[in-house]
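One file, model.pdb, is given below (PDB, C-alpha atoms).
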ATOM      1  CA  MET A   1       3.034  34.908   3.912
ATOM      2  CA  ASN A   2       3.663  34.657   0.157
ATOM      3  CA  LYS A   3       7.245  33.743   0.953
ATOM      4  CA  LEU A   4       6.076  30.840   3.132
ATOM      5  CA  LEU A   5       4.012  29.472   0.253
ATOM      6  CA  SER A   6       7.116  28.893  -1.871
ATOM      7  CA  PRO A   7       8.374  25.290  -1.528
ATOM      8  CA  GLN A   8      11.850  26.372  -0.432
ATOM      9  CA  TYR A   9      10.635  28.502   2.478
ATOM     10  CA  PHE A  10       7.963  26.006   3.471
ATOM     11  CA  TYR A  11      10.717  23.357   3.612
ATOM     12  CA  LYS A  12      12.793  25.584   5.920
ATOM     13  CA  PHE A  13       9.717  26.442   8.001
ATOM     14  CA  CYS A  14       8.959  22.706   8.487
ATOM     15  CA  THR A  15      12.592  21.982   9.401
ATOM     16  CA  ALA A  16      12.506  24.623  12.135
ATOM     17  CA  LEU A  17       9.123  23.456  13.423
ATOM     18  CA  ILE A  18       9.817  19.694  13.641
ATOM     19  CA  PRO A  19      11.844  19.556  16.927
ATOM     20  CA  TRP A  20       9.250  21.670  18.765
ATOM     21  CA  LEU A  21       6.353  19.659  17.429
ATOM     22  CA  ALA A  22       8.113  16.420  18.412
ATOM     23  CA  LEU A  23       8.754  17.685  21.949
ATOM     24  CA  PHE A  24       5.199  18.878  22.621
ATOM     25  CA  THR A  25       3.697  15.784  20.957
ATOM     26  CA  VAL A  26       5.603  13.514  23.338
ATOM     27  CA  LEU A  27       4.650  15.654  26.355
ATOM     28  CA  CYS A  28       0.944  15.885  25.522
ATOM     29  CA  LEU A  29       0.517  12.279  24.380
ATOM     30  CA  GLY A  30       2.590  11.025  27.299
ATOM     31  CA  TYR A  31       0.493  12.895  29.865
ATOM     32  CA  GLY A  32      -2.816  12.070  28.200
ATOM     33  CA  LEU A  33      -2.282   8.396  27.462
ATOM     34  CA  ILE A  34      -0.572   7.479  30.750
ATOM     35  CA  ASN A  35      -3.285   9.235  32.738
ATOM     36  CA  GLY A  36      -5.997   7.758  30.550
ATOM     37  CA  ALA A  37      -4.656   4.217  30.804
ATOM     38  CA  VAL A  38      -3.670   4.210  34.480
ATOM     39  CA  PHE A  39      -4.592   7.166  36.699
ATOM     40  CA  ALA A  40      -7.890   8.602  35.447
ATOM     41  CA  PRO A  41     -10.918   7.534  37.521
ATOM     42  CA  ILE A  42     -13.152   4.798  36.160
ATOM     43  CA  ASP A  43     -16.755   5.446  35.212
ATOM     44  CA  TYR A  44     -19.409   4.176  37.628
ATOM     45  CA  GLN A  45     -21.375   2.549  34.787
ATOM     46  CA  GLN A  46     -18.716   1.624  32.223
ATOM     47  CA  LYS A  47     -16.009   0.688  34.753
ATOM     48  CA  GLU A  48     -12.566   0.147  33.147
ATOM     49  CA  ALA A  49     -14.005   0.211  29.616
ATOM     50  CA  VAL A  50     -14.135   4.013  29.843
ATOM     51  CA  ARG A  51     -10.351   4.033  29.273
ATOM     52  CA  ILE A  52     -10.992   3.331  25.596
ATOM     53  CA  MET A  53     -12.408   6.866  25.423
ATOM     54  CA  TYR A  54      -8.876   8.352  25.612
ATOM     55  CA  VAL A  55      -8.039   6.652  22.311
ATOM     56  CA  HIS A  56     -11.391   6.553  20.535
ATOM     57  CA  VAL A  57     -12.592  10.143  20.989
ATOM     58  CA  PRO A  58      -9.346  11.922  19.915
ATOM     59  CA  CYS A  59      -9.035   9.592  16.894
ATOM     60  CA  ALA A  60     -12.657  10.160  15.874
ATOM     61  CA  ILE A  61     -12.376  13.959  16.169
ATOM     62  CA  LEU A  62      -9.045  13.988  14.330
ATOM     63  CA  SER A  63     -10.464  11.843  11.524
ATOM     64  CA  LEU A  64     -12.997  14.608  10.802
ATOM     65  CA  SER A  65     -10.450  17.412  11.188
ATOM     66  CA  VAL A  66      -7.939  15.809   8.827
ATOM     67  CA  TYR A  67     -10.556  15.391   6.094
ATOM     68  CA  THR A  68     -11.723  18.991   6.647
ATOM     69  CA  ILE A  69      -8.120  20.142   6.154
ATOM     70  CA  ILE A  70      -7.902  18.008   2.981
ATOM     71  CA  GLY A  71     -11.096  19.668   1.717
ATOM     72  CA  ILE A  72      -9.850  23.200   2.506
ATOM     73  CA  MET A  73      -6.420  22.522   0.981
ATOM     74  CA  SER A  74      -8.100  21.042  -2.114
ATOM     75  CA  GLY A  75     -10.163  24.226  -2.500
ATOM     76  CA  ILE A  76      -7.062  26.422  -2.085
ATOM     77  CA  TYR A  77      -5.218  24.330  -4.686
ATOM     78  CA  LEU A  78      -8.067  24.496  -7.206
ATOM     79  CA  ILE A  79      -8.634  28.251  -6.789
ATOM     80  CA  TRP A  80      -5.127  29.655  -6.301
ATOM     81  CA  LYS A  81      -2.992  26.782  -7.659
ATOM     82  CA  ILE A  82      -0.815  26.827  -4.546
ATOM     83  CA  LYS A  83       1.363  23.695  -4.726
ATOM     84  CA  ILE A  84       1.914  23.516  -0.969
ATOM     85  CA  ALA A  85      -1.842  23.089  -0.469
ATOM     86  CA  ASP A  86      -1.794  19.996  -2.697
ATOM     87  CA  VAL A  87       1.240  18.656  -0.829
ATOM     88  CA  ILE A  88      -0.488  19.073   2.555
ATOM     89  CA  ALA A  89      -3.673  17.409   1.261
ATOM     90  CA  SER A  90      -1.790  14.480  -0.248
ATOM     91  CA  VAL A  91       0.278  13.725   2.864
ATOM     92  CA  SER A  92      -2.777  14.079   5.122
ATOM     93  CA  ALA A  93      -4.787  11.337   3.406
ATOM     94  CA  PRO A  94      -2.832   8.227   4.581
ATOM     95  CA  PHE A  95      -2.672   9.570   8.127
ATOM     96  CA  GLY A  96      -6.387  10.375   8.058
ATOM     97  CA  ALA A  97      -7.194   6.879   6.791
ATOM     98  CA  SER A  98      -5.247   5.142   9.556
ATOM     99  CA  ILE A  99      -6.672   7.375  12.278
ATOM    100  CA  THR A 100     -10.225   6.786  10.955
ATOM    101  CA  ALA A 101      -9.598   3.027  10.946
ATOM    102  CA  LEU A 102      -8.345   3.343  14.508
ATOM    103  CA  ALA A 103     -11.473   5.273  15.540
ATOM    104  CA  LEU A 104     -13.640   2.502  14.045
ATOM    105  CA  ILE A 105     -11.623  -0.337  15.611
ATOM    106  CA  SER A 106     -11.463   1.267  19.075
ATOM    107  CA  GLY A 107     -15.165   2.115  18.803
ATOM    108  CA  SER A 108     -15.902  -1.488  17.956
ATOM    109  CA  LEU A 109     -13.831  -2.695  20.932
ATOM    110  CA  TRP A 110     -15.774  -0.268  23.131
ATOM    111  CA  GLY A 111     -19.094  -1.253  21.601
ATOM    112  CA  LYS A 112     -18.808  -4.946  22.480
ATOM    113  CA  PRO A 113     -18.773  -4.525  26.305
ATOM    114  CA  MET A 114     -21.120  -1.491  26.313
ATOM    115  CA  TRP A 115     -23.695  -2.273  23.628
ATOM    116  CA  GLY A 116     -23.154  -6.033  23.397
ATOM    117  CA  THR A 117     -22.200  -5.864  19.733
ATOM    118  CA  TRP A 118     -19.096  -5.104  17.676
ATOM    119  CA  TRP A 119     -20.976  -3.211  15.001
ATOM    120  CA  VAL A 120     -24.374  -1.741  14.181
ATOM    121  CA  TRP A 121     -25.403  -0.028  10.945
ATOM    122  CA  ASP A 122     -26.182   3.098  12.879
ATOM    123  CA  ALA A 123     -25.919   6.591  11.328
ATOM    124  CA  ARG A 124     -22.724   7.646  13.161
ATOM    125  CA  LEU A 125     -20.833   4.389  12.549
ATOM    126  CA  THR A 126     -21.926   4.090   8.916
ATOM    127  CA  SER A 127     -21.043   7.693   8.035
ATOM    128  CA  GLU A 128     -17.626   7.245   9.720
ATOM    129  CA  LEU A 129     -17.100   4.068   7.641
ATOM    130  CA  ILE A 130     -17.971   6.094   4.516
ATOM    131  CA  LEU A 131     -15.269   8.581   5.596
ATOM    132  CA  LEU A 132     -12.746   5.718   5.666
ATOM    133  CA  PHE A 133     -13.767   4.749   2.125
ATOM    134  CA  LEU A 134     -13.413   8.406   1.063
ATOM    135  CA  TYR A 135      -9.835   8.369   2.355
ATOM    136  CA  PHE A 136      -9.162   5.088   0.488
ATOM    137  CA  GLY A 137     -10.716   6.576  -2.650
ATOM    138  CA  TYR A 138      -8.567   9.706  -2.345
ATOM    139  CA  ILE A 139      -5.339   7.696  -1.937
ATOM    140  CA  GLY A 140      -6.271   5.205  -4.667
ATOM    141  CA  LEU A 141      -7.259   7.890  -7.163
ATOM    142  CA  ARG A 142      -4.039   9.827  -6.663
ATOM    143  CA  ASN A 143      -1.949   6.705  -7.203
ATOM    144  CA  ALA A 144      -4.007   5.603 -10.204
ATOM    145  CA  ILE A 145      -3.251   8.720 -12.306
ATOM    146  CA  ASN A 146       0.298   9.052 -13.614
ATOM    147  CA  ASP A 147       0.154  12.739 -14.544
ATOM    148  CA  GLN A 148       0.760  14.557 -11.239
ATOM    149  CA  GLN A 149      -1.086  17.743 -12.244
ATOM    150  CA  ILE A 150      -4.196  15.922 -13.441
ATOM    151  CA  ALA A 151      -4.100  13.695 -10.347
ATOM    152  CA  ALA A 152      -3.886  16.749  -8.077
ATOM    153  CA  LYS A 153      -6.946  18.345  -9.759
ATOM    154  CA  VAL A 154      -9.050  15.161  -9.720
ATOM    155  CA  VAL A 155      -8.349  14.339  -6.067
ATOM    156  CA  ALA A 156      -8.941  17.985  -5.115
ATOM    157  CA  ILE A 157     -12.478  17.665  -6.509
ATOM    158  CA  LEU A 158     -12.958  14.434  -4.536
ATOM    159  CA  GLY A 159     -11.571  16.174  -1.446
ATOM    160  CA  ILE A 160     -14.147  18.966  -1.728
ATOM    161  CA  VAL A 161     -17.114  16.702  -2.586
ATOM    162  CA  GLY A 162     -16.190  14.312   0.245
ATOM    163  CA  MET A 163     -16.535  17.130   2.765
ATOM    164  CA  LEU A 164     -20.295  16.597   2.534
ATOM    165  CA  ASP A 165     -19.790  13.601   4.821
ATOM    166  CA  ILE A 166     -18.269  15.724   7.630
ATOM    167  CA  PRO A 167     -21.452  17.505   8.822
ATOM    168  CA  ILE A 168     -23.367  14.236   8.324
ATOM    169  CA  ILE A 169     -20.975  12.457  10.743
ATOM    170  CA  HIS A 170     -21.017  15.327  13.227
ATOM    171  CA  PHE A 171     -24.775  15.828  13.349
ATOM    172  CA  SER A 172     -25.768  12.173  12.820
ATOM    173  CA  VAL A 173     -26.376  11.714  16.548
ATOM    174  CA  GLU A 174     -28.814  14.660  16.491
ATOM    175  CA  TRP A 175     -30.521  14.040  13.143
ATOM    176  CA  TRP A 176     -31.220  10.338  13.667
ATOM    177  CA  HIS A 177     -31.915   8.079  16.629
ATOM    178  CA  THR A 178     -28.611   6.286  17.031
ATOM    179  CA  LEU A 179     -27.035   3.870  19.468
ATOM    180  CA  HIS A 180     -24.003   6.167  19.614
ATOM    181  CA  GLN A 181     -24.077   8.771  22.385
ATOM    182  CA  GLY A 182     -24.332  12.511  21.693
ATOM    183  CA  ALA A 183     -21.580  15.122  22.099
ATOM    184  CA  SER A 184     -19.945  15.343  25.532
ATOM    185  CA  ILE A 185     -17.086  17.761  25.017
ATOM    186  CA  THR A 186     -17.650  19.477  21.677
ATOM    187  CA  ARG A 187     -20.644  21.464  22.794
ATOM    188  CA  LEU A 188     -20.113  25.050  23.843
ATOM    189  CA  ALA A 189     -21.838  24.624  27.199
ATOM    190  CA  LYS A 190     -20.141  23.051  30.222
ATOM    191  CA  PRO A 191     -18.655  19.661  29.197
ATOM    192  CA  ALA A 192     -20.583  16.636  30.519
ATOM    193  CA  ILE A 193     -17.410  14.989  31.800
ATOM    194  CA  ALA A 194     -15.445  15.281  35.064
ATOM    195  CA  PRO A 195     -12.201  17.364  34.966
ATOM    196  CA  ALA A 196     -10.128  14.330  36.071
ATOM    197  CA  MET A 197     -11.211  12.645  32.840
ATOM    198  CA  LEU A 198     -11.425  15.761  30.684
ATOM    199  CA  TYR A 199      -7.791  16.917  31.054
ATOM    200  CA  PRO A 200      -6.147  13.644  29.920
ATOM    201  CA  LEU A 201      -8.668  13.496  27.077
ATOM    202  CA  LEU A 202      -7.897  17.059  25.936
ATOM    203  CA  SER A 203      -4.175  16.407  26.317
ATOM    204  CA  THR A 204      -4.345  13.289  24.121
ATOM    205  CA  MET A 205      -6.399  15.219  21.597
ATOM    206  CA  LEU A 206      -3.873  18.075  21.483
ATOM    207  CA  GLY A 207      -1.034  15.532  21.287
ATOM    208  CA  LEU A 208      -2.631  13.858  18.278
ATOM    209  CA  TYR A 209      -3.147  17.217  16.524
ATOM    210  CA  LEU A 210       0.521  18.032  17.163
ATOM    211  CA  PHE A 211       1.528  14.602  15.876
ATOM    212  CA  TYR A 212      -0.498  15.222  12.725
ATOM    213  CA  ALA A 213       1.305  18.555  12.227
ATOM    214  CA  LEU A 214       4.641  16.790  12.796
ATOM    215  CA  TYR A 215       3.789  14.084  10.265
ATOM    216  CA  VAL A 216       2.653  16.676   7.699
ATOM    217  CA  CYS A 217       5.934  18.560   8.159
ATOM    218  CA  LEU A 218       8.056  15.406   7.755
ATOM    219  CA  GLN A 219       6.209  14.094   4.701
ATOM    220  CA  SER A 220       5.835  17.541   3.081
ATOM    221  CA  LYS A 221       9.609  17.931   3.273
ATOM    222  CA  ASN A 222       9.977  14.566   1.479
ATOM    223  CA  ILE A 223       7.574  15.490  -1.316
ATOM    224  CA  ILE A 224       9.021  18.981  -1.744
ATOM    225  CA  MET A 225      12.552  17.596  -1.911
ATOM    226  CA  TRP A 226      11.536  15.068  -4.588
ATOM    227  CA  ARG A 227       9.561  17.547  -6.685
ATOM    228  CA  GLU A 228      12.270  20.213  -6.463
ATOM    229  CA  ARG A 229      15.197  17.801  -6.882
ATOM    230  CA  HIS A 230      16.533  19.595  -9.943
ATOM    231  CA  THR A 231      16.789  22.970  -8.210
ATOM    232  CA  GLU A 232      19.930  24.505  -6.784
ATOM    233  CA  TRP A 233      18.605  24.862  -3.224
ATOM    234  CA  VAL A 234      17.884  21.117  -2.932
ATOM    235  CA  ARG A 235      21.382  20.362  -4.197
ATOM    236  CA  LYS A 236      22.844  22.719  -1.599
ATOM    237  CA  ASN A 237      20.641  21.243   1.097
ATOM    238  CA  LEU A 238      21.719  17.687   0.261
ATOM    239  CA  TYR A 239      25.427  18.406   0.308
ATOM    240  CA  GLY A 240      25.192  20.921   3.140
ATOM    241  CA  VAL A 241      26.955  23.581   1.049
TER
ATOM    242  CA  MET B 242      -6.975  -2.818  38.750
ATOM    243  CA  ALA B 243      -9.037  -5.250  36.737
ATOM    244  CA  TYR B 244      -8.099  -4.282  33.204
ATOM    245  CA  SER B 245     -10.198  -5.899  30.558
ATOM    246  CA  TRP B 246      -8.676  -7.438  27.435
ATOM    247  CA  TYR B 247     -10.249  -4.868  25.100
ATOM    248  CA  ILE B 248      -8.505  -1.805  26.586
ATOM    249  CA  TRP B 249      -4.861  -2.542  25.780
ATOM    250  CA  PRO B 250      -5.317  -3.299  22.057
ATOM    251  CA  CYS B 251      -6.630   0.259  21.609
ATOM    252  CA  TYR B 252      -3.558   1.857  23.186
ATOM    253  CA  ALA B 253      -1.178  -0.575  21.474
ATOM    254  CA  LEU B 254      -2.766   0.055  18.075
ATOM    255  CA  LEU B 255      -2.601   3.830  18.496
ATOM    256  CA  LEU B 256       1.071   3.757  19.453
ATOM    257  CA  ALA B 257       1.867   1.287  16.650
ATOM    258  CA  VAL B 258       0.158   3.519  14.066
ATOM    259  CA  LEU B 259       1.983   6.652  15.273
ATOM    260  CA  VAL B 260       5.393   4.949  15.365
ATOM    261  CA  ALA B 261       4.800   3.362  11.933
ATOM    262  CA  HIS B 262       3.995   6.772  10.423
ATOM    263  CA  ILE B 263       7.119   8.390  11.848
ATOM    264  CA  ILE B 264       9.368   5.506  10.753
ATOM    265  CA  SER B 265       7.884   5.487   7.246
ATOM    266  CA  ALA B 266       8.335   9.269   6.904
ATOM    267  CA  MET B 267      11.983   9.048   8.003
ATOM    268  CA  ARG B 268      12.657   6.051   5.767
ATOM    269  CA  ILE B 269      11.134   7.793   2.740
ATOM    270  CA  SER B 270      13.312  10.823   3.501
ATOM    271  CA  SER B 271      16.473   8.730   3.518
ATOM    272  CA  LEU B 272      15.455   6.883   0.312
ATOM    273  CA  ILE B 273      14.706  10.144  -1.516
ATOM    274  CA  ARG B 274      18.041  11.649  -0.489
ATOM    275  CA  LYS B 275      19.922   8.540  -1.662
ATOM    276  CA  LYS B 276      17.982   8.469  -4.945
ATOM    277  CA  ILE B 277      18.658  12.139  -5.711
ATOM    278  CA  ILE B 278      22.370  11.854  -4.854
ATOM    279  CA  ARG B 279      22.712   8.716  -7.022
ATOM    280  CA  ALA B 280      20.951  10.437  -9.943
ATOM    281  CA  GLN B 281      23.286  13.429  -9.639
ATOM    282  CA  GLN B 282      26.358  11.167  -9.562
ATOM    283  CA  VAL B 283      25.153   9.374 -12.711
ATOM    284  CA  GLU B 284      24.669  12.797 -14.372
ATOM    285  CA  LEU B 285      28.211  13.815 -13.421
ATOM    286  CA  VAL B 286      29.673  10.578 -14.851
ATOM    287  CA  HIS B 287      27.813  11.123 -18.151
ATOM    288  CA  ASP B 288      29.037  14.734 -18.332
TER
END

Take the structure from the file and write it as structure tokens.
Amino acid sequence: MNKLLSPQYFYKFCTALIPWLALFTVLCLGYGLINGAVFAPIDYQQKEAVRIMYVHVPCAILSLSVYTIIGIMSGIYLIWKIKIADVIASVSAPFGASITALALISGSLWGKPMWGTWWVWDARLTSELILLFLYFGYIGLRNAINDQQIAAKVVAILGIVGMLDIPIIHFSVEWWHTLHQGASITRLAKPAIAPAMLYPLLSTMLGLYLFYALYVCLQSKNIIMWRERHTEWVRKNLYGV
Amino acid sequence: MAYSWYIWPCYALLLAVLVAHIISAMRISSLIRKKIIRAQQVELVHD
């Protein structure tokens, strides 16, 4: 385990993992999105609009997961000073921001035909918008500080403090009366969704998690290579010696 | 099937975001490699 935490071994680990992640990402996303867009049954109330679910729900869940990972990695970096944790947190932020934006946009596109409005200042939507601003803040703060070590510490604190928003988003539909519906698949009891809809949804969700892992591997390799550019192993890696 | 106009933008946006992330990661990788190699060549010339 300690070996894996060294940049050189983490780089090799990512290199070995990338082809497998790419393969399973394509399989899961392909199955989930094609079924969601074309073959899954329509909802008797929402009709075709239910197909937005296969994009919106995985994006919304992933937006929370990515920030949770940023928070955990920030904690690991602050406590144990493990550089890889900072690398994972820093590469996760742009992906998290775009997936959160996507959750908000697809939610808005779903809201118009279902609720009759693009946006309401409801607890779930507002707390998700705050999450998007947290991502922007994280990215902006890291780029605003020139000293990499100070930047890593400052954004790690923001990463941990920002995690307060995660339970607020998750429980907002229970704590307040909101227009947004409650949980359908995250509860431990039997999911309130038909299997013909559930499987493509779970497949898209898994595909997006795999894609996130793939993206983290690709970008972590880039950052590690740049930070370790003066070392012998990077030199050997570049020239294939 | 009577697809409504608001369904396809969601799928198109998702795919566009995923493809953009992969392309940017690969492009950054190639730029970093070129930059490091160039810096090492400059070092060698100075030596």

**OP:** Work out how far CA of Thr204 in chain A is from CA of Tyr67 in chain A, in Å to one decimal.
**Re:** 19.2 Å

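The environment of range 151-160 of chain A within 6 Å, counting only C-alpha atoms and disregarding residues fewer than 3 places along the same chain, consists of A:Gly71, A:Ser74, A:Tyr138, A:Arg142, A:Ile145, A:Gln148, A:Met163.
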
Which residues fall under the ChimeraX specification (/A :<6) & /B in this file, as an mmCIF file with C-alpha atoms, in the coordinates of the input?
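Dumped to part26.cif:
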data_model
loop_
_atom_site.group_PDB
_atom_site.id
_atom_site.type_symbol
_atom_site.label_atom_id
_atom_site.label_comp_id
_atom_site.auth_asym_id
_atom_site.auth_seq_id
_atom_site.Cartn_x
_atom_site.Cartn_y
_atom_site.Cartn_z
ATOM 1 C CA TYR B 247 -10.249 -4.868 25.100
ATOM 2 C CA ILE B 248 -8.505 -1.805 26.586
ATOM 3 C CA CYS B 251 -6.630 0.259 21.609
ATOM 4 C CA ALA B 266 8.335 9.269 6.904
ATOM 5 C CA SER B 270 13.312 10.823 3.501
#

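Atom to atom, CA of Gln46 in chain A and CA of Val258 in chain B stand 26.3 Å apart.
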
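Using only C-alpha atoms, the smallest distance between any of A:Ala16, A:Ile72, A:Leu4, A:Val26 and Leu259 in chain B comes from A:Val26.
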
**OP:** Compile the contact shell of range 167-173 of chain A as an NGL selection string: residues with an atom at most 7 Å away, counting all atoms listed in the file, same-chain residues fewer than 3 positions apart removed.
**Re:** :A and (123-124 or 127-128 or 164 or 176-178 or 180-182)

Generate N, CA and C atoms for range 59-71 of chain A and emit them as an mmCIF file, in the frame of the given file.
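Now in selection04.cif:
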data_model
loop_
_atom_site.group_PDB
_atom_site.id
_atom_site.type_symbol
_atom_site.label_atom_id
_atom_site.label_comp_id
_atom_site.auth_asym_id
_atom_site.auth_seq_id
_atom_site.Cartn_x
_atom_site.Cartn_y
_atom_site.Cartn_z
ATOM 1 N N CYS A 59 -9.176 10.119 18.262
ATOM 2 C CA CYS A 59 -9.035 9.592 16.894
ATOM 3 C C CYS A 59 -10.243 9.977 16.047
ATOM 4 N N ALA A 60 -11.437 9.856 16.629
ATOM 5 C CA ALA A 60 -12.657 10.160 15.874
ATOM 6 C C ALA A 60 -12.700 11.640 15.502
ATOM 7 N N ILE A 61 -12.349 12.517 16.455
ATOM 8 C CA ILE A 61 -12.376 13.959 16.169
ATOM 9 C C ILE A 61 -11.307 14.313 15.127
ATOM 10 N N LEU A 62 -10.136 13.702 15.283
ATOM 11 C CA LEU A 62 -9.045 13.988 14.330
ATOM 12 C C LEU A 62 -9.389 13.491 12.924
ATOM 13 N N SER A 63 -10.115 12.374 12.852
ATOM 14 C CA SER A 63 -10.464 11.843 11.524
ATOM 15 C C SER A 63 -11.308 12.865 10.752
ATOM 16 N N LEU A 64 -12.182 13.575 11.449
ATOM 17 C CA LEU A 64 -12.997 14.608 10.802
ATOM 18 C C LEU A 64 -12.150 15.830 10.460
ATOM 19 N N SER A 65 -11.281 16.217 11.401
ATOM 20 C CA SER A 65 -10.450 17.412 11.188
ATOM 21 C C SER A 65 -9.515 17.236 10.003
ATOM 22 N N VAL A 66 -8.902 16.036 9.910
ATOM 23 C CA VAL A 66 -7.939 15.809 8.827
ATOM 24 C C VAL A 66 -8.654 15.896 7.477
ATOM 25 N N TYR A 67 -9.856 15.309 7.388
ATOM 26 C CA TYR A 67 -10.556 15.391 6.094
ATOM 27 C C TYR A 67 -10.983 16.835 5.800
ATOM 28 N N THR A 68 -11.361 17.584 6.846
ATOM 29 C CA THR A 68 -11.723 18.991 6.647
ATOM 30 C C THR A 68 -10.523 19.761 6.098
ATOM 31 N N ILE A 69 -9.335 19.474 6.644
ATOM 32 C CA ILE A 69 -8.120 20.142 6.154
ATOM 33 C C ILE A 69 -7.862 19.739 4.692
ATOM 34 N N ILE A 70 -8.078 18.451 4.375
ATOM 35 C CA ILE A 70 -7.902 18.008 2.981
ATOM 36 C C ILE A 70 -8.850 18.792 2.066
ATOM 37 N N GLY A 71 -10.105 18.937 2.506
ATOM 38 C CA GLY A 71 -11.096 19.668 1.717
ATOM 39 C C GLY A 71 -10.692 21.122 1.516
#
